[in-house]
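This report refers to the structure that appears directly beneath it.
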Amino acid sequence: MIRNFNYKEKAMERISIYAWVFTLLVFSCGPRERIPKEAFEEVNKNMEIKRISEVEILESAMEWGDSLTTKAQKNLIENLQQAIADGGFGEAIKFCKTNATELENELSGNEEILIRRVSTKHRNPSNAPTEEEAMILEAYAYNSEQGLESDPNIQKIEGGEVFLYTKAIIFPGGLCNNCHGKPEVDISKSTLEVISSNYPEDMATGFRKGDLRGMWSVRIPKKEVVKRL
Ligand code: HEC
């Protein structure tokens, strides 16, 4: 992938060198006429394109994904804690069912960006990974089994027009055990009842501290990144 960007950058560089050479030729060899305005504009346009390189776009998408998921996670946990304080775990489950998706997304302030949490062992079937996401999850799962840390990842999808930012969610135990830990040990019977009546196909129990719980997945169209630069 990296080689690909370098190649593109070089191509851009070459285009602007050609443009300059063209301008110089017009200056030095031609009759003493004024340079057409368009020639200057063309050169400047090429310089502008070069200034925002593919690498910068990619780095900016990565930073954006990082900051969105960090904020979304914080927002989700704060709301979860509040819901537990207000009505206990059962009520908090219903709260998550209604609000989780919205809470994940409300921070981006951009409708073109889709923020999700996905997991192969999901509670809500709509959090099942896509084919692309499943491959990345598999790599994260491998790392977690080997005791290795997973860095956030960014990939180009849909013919390079969209970035897929992902970040592993490692199960921290603690509070999360009450709804995702071991049934009847960490999760009370009454909580289990609320889970099964709201999510009859729940797979999201039995997690232990350090397990891969899932990942954040953010779909960022490239044009939105360029707009921001
Ligand atoms: C009050 C119970 C409760 C607690 C506590 C809780 N969760 Fe959940 N979790 C849920 C419910 C309910 C869903 C499904 C939300 C939905 O419908 O989108 C869910 C979904 C998820 C998902 C999305 C994938 C899936 O399984 O559908 C992840 C990831 C997740 N939880 C991680 C955590 C982590 C990490 C913690 C601790 C910070 C935590 N949860 C604490 C109830 C809980």
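Letters A, B, ... go to the chains of the structure tokens in the order shown; residues in each chain start at 1; ligands are counted from 1 in the same order.
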
Sort by chain and increasing residue number a table of all residues of chain A within 9 Å of ligand 1, each with its closest pair of atoms and their distance in Å to one decimal, counting only C-alpha atoms and all ligand atoms, and write it as CSV.
```
residue,atom,partner,partner_atom_place_in_ligand_line,distance
A:Gln73,CA,ligand 1,38 (C),8.4
A:Leu76,CA,ligand 1,38 (C),8.3
A:Ile77,CA,ligand 1,38 (C),6.0
A:Leu80,CA,ligand 1,1 (C),6.8
A:Gln81,CA,ligand 1,5 (C),7.7
A:Ala83,CA,ligand 1,1 (C),7.8
A:Ile84,CA,ligand 1,1 (C),6.4
A:Gly88,CA,ligand 1,1 (C),7.5
A:Phe89,CA,ligand 1,1 (C),4.3
A:Gly90,CA,ligand 1,1 (C),6.4
A:Glu91,CA,ligand 1,1 (C),7.3
A:Ala92,CA,ligand 1,1 (C),4.4
A:Ile93,CA,ligand 1,12 (C),4.2
A:Lys94,CA,ligand 1,12 (C),6.5
A:Phe95,CA,ligand 1,12 (C),7.5
A:Cys96,CA,ligand 1,12 (C),4.9
A:Lys97,CA,ligand 1,17 (O),3.8
A:Thr98,CA,ligand 1,17 (O),6.8
A:Asn99,CA,ligand 1,18 (O),7.5
A:Ala100,CA,ligand 1,18 (O),5.0
A:Thr101,CA,ligand 1,18 (O),5.8
A:Arg116,CA,ligand 1,23 (C),8.1
A:Arg117,CA,ligand 1,23 (C),5.0
A:Val118,CA,ligand 1,24 (C),5.1
A:Ser119,CA,ligand 1,24 (C),5.1
A:Thr120,CA,ligand 1,26 (O),7.9
A:Lys121,CA,ligand 1,26 (O),6.1
A:His122,CA,ligand 1,26 (O),3.3
A:Arg123,CA,ligand 1,26 (O),3.7
A:Asn124,CA,ligand 1,27 (O),4.0
A:Pro125,CA,ligand 1,27 (O),6.5
A:Ser126,CA,ligand 1,27 (O),7.2
A:Asn127,CA,ligand 1,27 (O),4.9
A:Ala128,CA,ligand 1,27 (O),7.4
A:Ile169,CA,ligand 1,29 (C),6.5
A:Ile170,CA,ligand 1,35 (C),7.0
A:Phe171,CA,ligand 1,35 (C),5.2
A:Pro172,CA,ligand 1,35 (C),6.3
A:Gly173,CA,ligand 1,37 (C),6.9
A:Gly174,CA,ligand 1,37 (C),7.3
A:Leu175,CA,ligand 1,5 (C),5.5
A:Cys176,CA,ligand 1,37 (C),3.5
A:Asn177,CA,ligand 1,5 (C),6.7
A:Asn178,CA,ligand 1,5 (C),5.4
A:Cys179,CA,ligand 1,2 (C),4.3
A:His180,CA,ligand 1,7 (N),6.4
A:Thr191,CA,ligand 1,2 (C),8.0
A:Ile195,CA,ligand 1,12 (C),6.8
A:Asn198,CA,ligand 1,12 (C),8.0
A:Tyr199,CA,ligand 1,12 (C),7.9
A:Asp202,CA,ligand 1,26 (O),7.7
A:Met203,CA,ligand 1,26 (O),7.2
A:Ala204,CA,ligand 1,26 (O),5.1
A:Thr205,CA,ligand 1,26 (O),8.7
A:Arg213,CA,ligand 1,29 (C),5.6
A:Gly214,CA,ligand 1,29 (C),5.1
A:Met215,CA,ligand 1,29 (C),6.4
A:Trp216,CA,ligand 1,29 (C),7.7
```

Quiz prompt | Selection: 12 Å around Gly159 (chain A), only C-alpha atoms, excl. self and same-chain fewer than 4 positions, as a PyMOL selection string | solution = chain A and resi 155+163-164+221-222

Emit the selected residues as a compact mmCIF listing (two decimals), in the first residue's frame, including all heavy atoms.
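Produced file selection18.txt, reproduced below:
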```txt
# COMPACT_ATOMS: atom_id res chain seq x y z
N GLN A 155 -7.67 0.94 6.27
CA GLN A 155 -7.61 0.30 4.96
C GLN A 155 -8.46 1.09 3.99
O GLN A 155 -9.40 1.75 4.39
CB GLN A 155 -8.25 -1.09 5.03
CG GLN A 155 -7.61 -2.00 6.01
CD GLN A 155 -7.85 -3.45 5.64
OE1 GLN A 155 -8.70 -3.75 4.82
NE2 GLN A 155 -7.10 -4.34 6.25
N PHE A 163 -12.21 5.07 3.53
CA PHE A 163 -11.27 4.48 4.49
C PHE A 163 -12.05 3.72 5.54
O PHE A 163 -13.10 4.18 5.99
CB PHE A 163 -10.47 5.57 5.20
CG PHE A 163 -9.49 6.28 4.33
CD1 PHE A 163 -9.63 7.63 4.04
CD2 PHE A 163 -8.41 5.60 3.78
CE1 PHE A 163 -8.72 8.29 3.24
CE2 PHE A 163 -7.49 6.25 2.97
CZ PHE A 163 -7.65 7.60 2.70
N LEU A 164 -11.54 2.56 5.90
CA LEU A 164 -12.13 1.79 6.99
C LEU A 164 -11.13 1.80 8.14
O LEU A 164 -10.08 1.18 8.08
CB LEU A 164 -12.42 0.36 6.54
CG LEU A 164 -13.05 -0.53 7.60
CD1 LEU A 164 -14.46 -0.06 7.93
CD2 LEU A 164 -13.11 -1.98 7.14
N PRO A 221 -15.49 8.40 4.26
CA PRO A 221 -15.24 8.67 2.84
C PRO A 221 -14.03 9.60 2.67
O PRO A 221 -13.86 10.56 3.43
CB PRO A 221 -16.52 9.38 2.38
CG PRO A 221 -17.56 9.01 3.38
CD PRO A 221 -16.83 8.84 4.68
N LYS A 222 -13.22 9.28 1.68
CA LYS A 222 -11.98 10.04 1.46
C LYS A 222 -12.29 11.53 1.23
O LYS A 222 -11.57 12.40 1.71
CB LYS A 222 -11.28 9.45 0.23
CG LYS A 222 -9.94 10.06 -0.05
CD LYS A 222 -9.28 9.30 -1.17
CE LYS A 222 -8.09 10.02 -1.72
NZ LYS A 222 -7.49 9.30 -2.85
```

Quiz prompt | CA of Ile154 (chain A) to CA of Lys167 (chain A), straight-line distance in Å | solution =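 Value for the CA of Lys167 (chain A)-CA of Ile154 (chain A) distance: 9.0 Å.
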
Practice problem: Please run DSSP on the backbone and report, as number ranges by chain, all residues within region 184-220 of chain A that come out as strand (DSSP E). | Solution: A: 212-220

Quiz item: Which residues, written as number ranges by chain, have at least one atom at most 12 Å from Gly147 (chain A), with only C-alpha atoms counted and residues fewer than 4 positions away on the same chain left out?
Solution: A: 140-143, 170, 210-212

Quiz item: Could you pull out the alpha helix (DSSP H) residues of region 52-214 of chain A from DSSP and send them as an NGL selection string?
Solution: :A and (54-105 or 131-145 or 177-180 or 189-198)

Requested write-out: C-alpha atoms of the selected residues, as a PDB file, in the first residue's frame:
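File out-v5.pdb, as written:
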```
ATOM      1  CA  GLU A  54      -2.077  10.642  -0.240  1.00  0.00           C
ATOM      2  CA  VAL A  55       0.033  10.066   2.849  1.00  0.00           C
ATOM      3  CA  GLU A  56      -1.355  13.172   4.525  1.00  0.00           C
ATOM      4  CA  ILE A  57      -4.902  12.116   3.690  1.00  0.00           C
ATOM      5  CA  LEU A  58      -4.292   8.688   5.163  1.00  0.00           C
ATOM      6  CA  GLU A  59      -2.695  10.095   8.314  1.00  0.00           C
ATOM      7  CA  SER A  60      -5.534  12.525   8.762  1.00  0.00           C
ATOM      8  CA  ALA A  61      -8.117   9.737   8.377  1.00  0.00           C
ATOM      9  CA  MET A  62      -6.236   7.723  10.987  1.00  0.00           C
ATOM     10  CA  GLU A  63      -6.221  10.612  13.454  1.00  0.00           C
ATOM     11  CA  TRP A  64      -9.873  11.277  12.789  1.00  0.00           C
ATOM     12  CA  GLY A  65     -10.788   7.630  13.409  1.00  0.00           C
ATOM     13  CA  ASP A  66      -8.731   7.619  16.615  1.00  0.00           C
ATOM     14  CA  SER A  67     -10.324  10.727  18.014  1.00  0.00           C
ATOM     15  CA  LEU A  68     -13.888   9.747  17.026  1.00  0.00           C
ATOM     16  CA  THR A  69     -13.672   6.301  18.608  1.00  0.00           C
ATOM     17  CA  THR A  70     -12.016   7.628  21.774  1.00  0.00           C
ATOM     18  CA  LYS A  71     -14.805  10.173  22.183  1.00  0.00           C
ATOM     19  CA  ALA A  72     -17.554   7.706  21.273  1.00  0.00           C
ATOM     20  CA  GLN A  73     -16.246   5.184  23.792  1.00  0.00           C
ATOM     21  CA  LYS A  74     -16.123   7.783  26.552  1.00  0.00           C
ATOM     22  CA  ASN A  75     -19.619   8.969  25.687  1.00  0.00           C
ATOM     23  CA  LEU A  76     -20.981   5.423  25.668  1.00  0.00           C
ATOM     24  CA  ILE A  77     -19.459   4.519  29.036  1.00  0.00           C
ATOM     25  CA  GLU A  78     -20.679   7.723  30.688  1.00  0.00           C
ATOM     26  CA  ASN A  79     -24.211   7.089  29.464  1.00  0.00           C
ATOM     27  CA  LEU A  80     -24.042   3.436  30.463  1.00  0.00           C
ATOM     28  CA  GLN A  81     -22.926   4.312  33.986  1.00  0.00           C
ATOM     29  CA  GLN A  82     -25.722   6.858  34.276  1.00  0.00           C
ATOM     30  CA  ALA A  83     -28.313   4.344  33.046  1.00  0.00           C
ATOM     31  CA  ILE A  84     -27.059   1.747  35.585  1.00  0.00           C
ATOM     32  CA  ALA A  85     -27.171   4.324  38.386  1.00  0.00           C
ATOM     33  CA  ASP A  86     -30.710   5.311  37.387  1.00  0.00           C
ATOM     34  CA  GLY A  87     -32.295   1.893  36.983  1.00  0.00           C
ATOM     35  CA  GLY A  88     -29.857  -0.990  37.517  1.00  0.00           C
ATOM     36  CA  PHE A  89     -28.488  -3.410  34.912  1.00  0.00           C
ATOM     37  CA  GLY A  90     -31.852  -4.498  33.515  1.00  0.00           C
ATOM     38  CA  GLU A  91     -32.874  -0.940  32.703  1.00  0.00           C
ATOM     39  CA  ALA A  92     -29.412  -0.196  31.350  1.00  0.00           C
ATOM     40  CA  ILE A  93     -29.780  -3.067  28.869  1.00  0.00           C
ATOM     41  CA  LYS A  94     -32.983  -1.559  27.521  1.00  0.00           C
ATOM     42  CA  PHE A  95     -31.242   1.809  27.400  1.00  0.00           C
ATOM     43  CA  CYS A  96     -28.388   0.298  25.345  1.00  0.00           C
ATOM     44  CA  LYS A  97     -30.831  -1.366  23.001  1.00  0.00           C
ATOM     45  CA  THR A  98     -32.497   1.929  22.182  1.00  0.00           C
ATOM     46  CA  ASN A  99     -29.508   4.255  22.293  1.00  0.00           C
ATOM     47  CA  ALA A 100     -26.217   2.464  21.619  1.00  0.00           C
ATOM     48  CA  THR A 101     -26.151   3.045  17.856  1.00  0.00           C
ATOM     49  CA  GLU A 102     -27.060   6.688  18.220  1.00  0.00           C
ATOM     50  CA  LEU A 103     -24.487   7.201  20.986  1.00  0.00           C
ATOM     51  CA  GLU A 104     -21.813   5.673  18.793  1.00  0.00           C
ATOM     52  CA  ASN A 105     -22.584   8.062  15.985  1.00  0.00           C
ATOM     53  CA  GLU A 131     -16.762  -9.495   5.215  1.00  0.00           C
ATOM     54  CA  GLU A 132     -14.019  -6.845   5.286  1.00  0.00           C
ATOM     55  CA  GLU A 133     -14.462  -6.277   9.008  1.00  0.00           C
ATOM     56  CA  ALA A 134     -14.455 -10.017   9.734  1.00  0.00           C
ATOM     57  CA  MET A 135     -10.974 -10.352   8.222  1.00  0.00           C
ATOM     58  CA  ILE A 136      -9.586  -7.578  10.399  1.00  0.00           C
ATOM     59  CA  LEU A 137     -11.321  -8.978  13.480  1.00  0.00           C
ATOM     60  CA  GLU A 138      -9.671 -12.292  12.784  1.00  0.00           C
ATOM     61  CA  ALA A 139      -6.259 -10.646  12.809  1.00  0.00           C
ATOM     62  CA  TYR A 140      -7.066  -8.862  16.075  1.00  0.00           C
ATOM     63  CA  ALA A 141      -8.304 -12.137  17.571  1.00  0.00           C
ATOM     64  CA  TYR A 142      -5.074 -13.850  16.581  1.00  0.00           C
ATOM     65  CA  ASN A 143      -3.020 -11.110  18.230  1.00  0.00           C
ATOM     66  CA  SER A 144      -5.064 -11.241  21.397  1.00  0.00           C
ATOM     67  CA  GLU A 145      -4.702 -15.038  21.602  1.00  0.00           C
ATOM     68  CA  ASN A 177     -18.699  -8.317  33.562  1.00  0.00           C
ATOM     69  CA  ASN A 178     -22.218  -7.605  34.806  1.00  0.00           C
ATOM     70  CA  CYS A 179     -23.587  -7.938  31.274  1.00  0.00           C
ATOM     71  CA  HIS A 180     -20.858  -9.757  29.281  1.00  0.00           C
ATOM     72  CA  LYS A 189     -30.275 -14.252  36.800  1.00  0.00           C
ATOM     73  CA  SER A 190     -32.519 -11.233  36.549  1.00  0.00           C
ATOM     74  CA  THR A 191     -30.073  -9.478  34.189  1.00  0.00           C
ATOM     75  CA  LEU A 192     -29.847 -12.650  32.092  1.00  0.00           C
ATOM     76  CA  GLU A 193     -33.618 -12.656  31.733  1.00  0.00           C
ATOM     77  CA  VAL A 194     -33.640  -9.104  30.431  1.00  0.00           C
ATOM     78  CA  ILE A 195     -30.815  -9.962  28.025  1.00  0.00           C
ATOM     79  CA  SER A 196     -32.535 -13.034  26.607  1.00  0.00           C
ATOM     80  CA  SER A 197     -35.915 -11.360  26.227  1.00  0.00           C
ATOM     81  CA  ASN A 198     -34.343  -8.420  24.347  1.00  0.00           C
TER      82      ASN A 198
END
```
